Amino acid sequence: MIGKVLVLGAGVAGMSATLDLANAGCEVYLIEKEKEIGGKAFQYSCKRTETCQKCSACLAYQIRNQVEHHPNVRLLPFSMITGVSGKPGDFKASVRLLNDTRLDLGAETTLEVQALLIATGFEVYRPKYQGEFGYGLYANVMTAYELEFFLRQFSAERVPKPERIGFVQCFGSRGQATGRSYCSRVCCANTVHLTLKLHFLFPEAHIRVFYQDRQSFGKVRFWNHMQDAANIEYVRGLPAKVLGYPKGKVTVRYPNTFQGTVHEDEFDWLVLATGMIPPEDQLEEIVGLQLERNRDGFYAQTEMGTSQAGVFVAGACQGPKDIPQSIAHAKAASGQMLRFLQRLSSL
Ligand code: SF4
Ligand code: SF4
């Protein structure tokens, strides 16, 4: 073993870093507050149509399988970290067990590790107030994250076919509703995946995406897809109001900023492309780590890891990332940690 380390958070970034560290010869404690490892990526649906859409949702399953069977990995689900003491290279982390309602069972253990990696992921933006864009008021207004759940359990016999589906982009990002000015980076591409999947399931449905900006972050092929797909229309202009009529539908009032006009249209479903917001784990307060956040509230990363020596950060807790970006970031973070462990052993 080249060292004992602790990874906090078993989403796709935490699992990827765990795997890299374990493969490099570390003994890795992987701590997760939920019952199962996998994180939010594990809840995403497969967007396969006639062909694989390369949405990467299945990568989470593959990585989880390898992590669960790796001899160097000690899995600690239903656990939370309550304190860290010591110094870089010689940390003592207090870990407590939870039950399935996340109640503290009081059983505590202390893990002695050389380094820690924080991979606590992101939170999904939740509408700020009841009824924002009809969310929480009308059953047919859902977040993109909820649509993922729906698609995972989709059964054509049980779902009435929607005729018109709307998507609202930048919901909770770029100043919309929350005042958060950053781009969540993943929701444009995810909407392309979701609209193509819905078009595959309901080829007769008309899909309209309300947007203010389109970000591909290197995935230019998406915009070619969009132009080719019949029945999927992009309208520049975010809705101003969502009204709960007629029965079983919502009416969306929106501007078309290219034409300078205002319109109203009915939709069977309205999907809010929710943004990623910083983790609410409050590790700084809970465990006393001196972790700095960046101006958007995510953990700040430095060349050496984080603002605290011996502590590293991976995945969407450092800033919005999709699954492949989270995996790549986890690889870089585990590399930083391995270099740190090598320096320690050479002292
Ligand atoms: S989950 Fe995504 S990447 Fe995997 S098979 Fe389905 S469409 Fe392809
Ligand atoms: S990725 Fe697209 S939808 Fe998401 S915040 Fe950025 S511009 Fe808006």
# chains A, B, ... in the order shown; residues from 1 in each chain; ligands from 1
call {"tool": "residues_near_ligand", "arguments": {"ligand": "ligand 2", "cutoff": "6 Å", "atoms": "only C-alpha atoms and all ligand atoms", "output": "PyMOL selection string"}}
result
chain A and resi 169-170+173-174+183-188+213-215
call {"tool": "residues_near_ligand", "arguments": {"ligand": "ligand 1", "cutoff": "7 Å", "atoms": "only C-alpha atoms and all ligand atoms", "output": "ChimeraX atom specification"}}
result
/A:45-48,52-59
call {"tool": "closest_residue", "arguments": {"among": "A:Leu243, A:Ala300, A:Ile327, A:Leu341", "to": "Glu132 in chain A", "atoms": "only C-alpha atoms"}}
result
A:Leu243
call {"tool": "closest_residue", "arguments": {"among": "A:Val5, A:Ile232, A:Ile277, A:Ala189", "to": "Asp296 in chain A", "atoms": "only C-alpha atoms"}}
result
A:Ile277
call {"tool": "residues_around", "arguments": {"residues": "Ile165 in chain A", "least_positions_apart": "5", "cutoff": "6 Å", "atoms": "only C-alpha atoms", "output": "list in words"}}
result
Ile207, Phe267, Asp268, Trp269 and Leu270 of chain A
call {"tool": "select_by_dssp", "arguments": {"residues": "range 179-286 of chain A", "states": "strand (DSSP E or B)", "output": "number ranges by chain"}}
result
A: 206-211, 232-236, 241-243, 250-256, 261-267, 269-274, 276-277
call {"tool": "atom_distance", "arguments": {"atom1": "CA of Phe42 in chain A", "atom2": "CA of Val12 in chain A"}}
result
8.0 Å
call {"tool": "closest_residue", "arguments": {"among": "A:Ser94, A:Val159, A:Ala115, A:Ser346", "to": "Cys26 in chain A", "atoms": "only C-alpha atoms"}}
result
A:Ala115
call {"tool": "closest_residue", "arguments": {"among": "A:Glu123, A:Glu148, A:Glu32, A:Glu112", "to": "Leu97 in chain A", "atoms": "only C-alpha atoms"}}
result
A:Glu32
call {"tool": "residues_around", "arguments": {"residues": "Leu151 in chain A", "least_positions_apart": "5", "cutoff": "12 Å", "atoms": "only C-alpha atoms", "output": "PyMOL selection string"}}
result
chain A and resi 43-48+144-146+156+159+193-195+197-198+200-201
call {"tool": "residues_around", "arguments": {"residues": "Val84 in chain A", "least_positions_apart": "6", "cutoff": "7 Å", "atoms": "only C-alpha atoms", "output": "list in words"}}
result
Phe91, Lys92, Ala93, Ser94, Val287 and Gly288 of chain A
call {"tool": "select_by_dssp", "arguments": {"residues": "range 47-242 of chain A", "states": "helix (DSSP H, G or I)", "output": "ChimeraX atom specification"}}
result
/A:57-68,132-134,144-152,187-201,221-228
call {"tool": "decode", "arguments": {"residues": "range 156-171 of chain A", "atoms": "N, CA and C atoms", "output": "CSV table (one decimal), in the first residue's frame"}}
result
chain,number,residue,atom,x,y,z
A,156,ALA,N,-44.7,2.6,-22.1
A,156,ALA,CA,-45.5,3.3,-23.1
A,156,ALA,C,-47.0,3.0,-22.8
A,157,GLU,N,-47.4,1.9,-22.2
A,157,GLU,CA,-48.8,1.6,-22.1
A,157,GLU,C,-49.4,2.5,-21.0
A,158,ARG,N,-48.6,2.9,-20.0
A,158,ARG,CA,-49.2,3.6,-18.9
A,158,ARG,C,-49.2,5.1,-19.0
A,159,VAL,N,-48.5,5.6,-20.1
A,159,VAL,CA,-48.3,7.1,-20.2
A,159,VAL,C,-49.2,7.6,-21.4
A,160,PRO,N,-50.1,8.6,-21.1
A,160,PRO,CA,-50.8,9.2,-22.2
A,160,PRO,C,-49.8,10.0,-23.1
A,161,LYS,N,-50.0,9.9,-24.3
A,161,LYS,CA,-49.0,10.5,-25.3
A,161,LYS,C,-49.2,12.0,-25.2
A,162,PRO,N,-48.1,12.7,-24.9
A,162,PRO,CA,-48.2,14.2,-24.9
A,162,PRO,C,-48.1,14.7,-26.4
A,163,GLU,N,-48.9,15.8,-26.7
A,163,GLU,CA,-48.8,16.3,-28.0
A,163,GLU,C,-47.8,17.5,-28.1
A,164,ARG,N,-47.7,18.2,-27.0
A,164,ARG,CA,-46.7,19.3,-27.0
A,164,ARG,C,-45.9,19.4,-25.7
A,165,ILE,N,-44.6,19.4,-25.9
A,165,ILE,CA,-43.7,19.4,-24.7
A,165,ILE,C,-42.9,20.7,-24.8
A,166,GLY,N,-42.8,21.4,-23.7
A,166,GLY,CA,-41.9,22.6,-23.7
A,166,GLY,C,-40.7,22.4,-22.7
A,167,PHE,N,-39.6,23.0,-23.1
A,167,PHE,CA,-38.4,23.0,-22.2
A,167,PHE,C,-38.0,24.4,-21.9
A,168,VAL,N,-37.7,24.7,-20.6
A,168,VAL,CA,-37.3,26.1,-20.3
A,168,VAL,C,-35.8,26.0,-19.9
A,169,GLN,N,-34.9,26.6,-20.6
A,169,GLN,CA,-33.5,26.5,-20.4
A,169,GLN,C,-33.0,27.5,-19.3
A,170,CYS,N,-31.8,27.3,-18.8
A,170,CYS,CA,-31.2,28.2,-17.8
A,170,CYS,C,-32.0,28.4,-16.6
A,171,PHE,N,-32.8,27.4,-16.1
A,171,PHE,CA,-33.6,27.5,-15.0
A,171,PHE,C,-32.8,27.4,-13.7
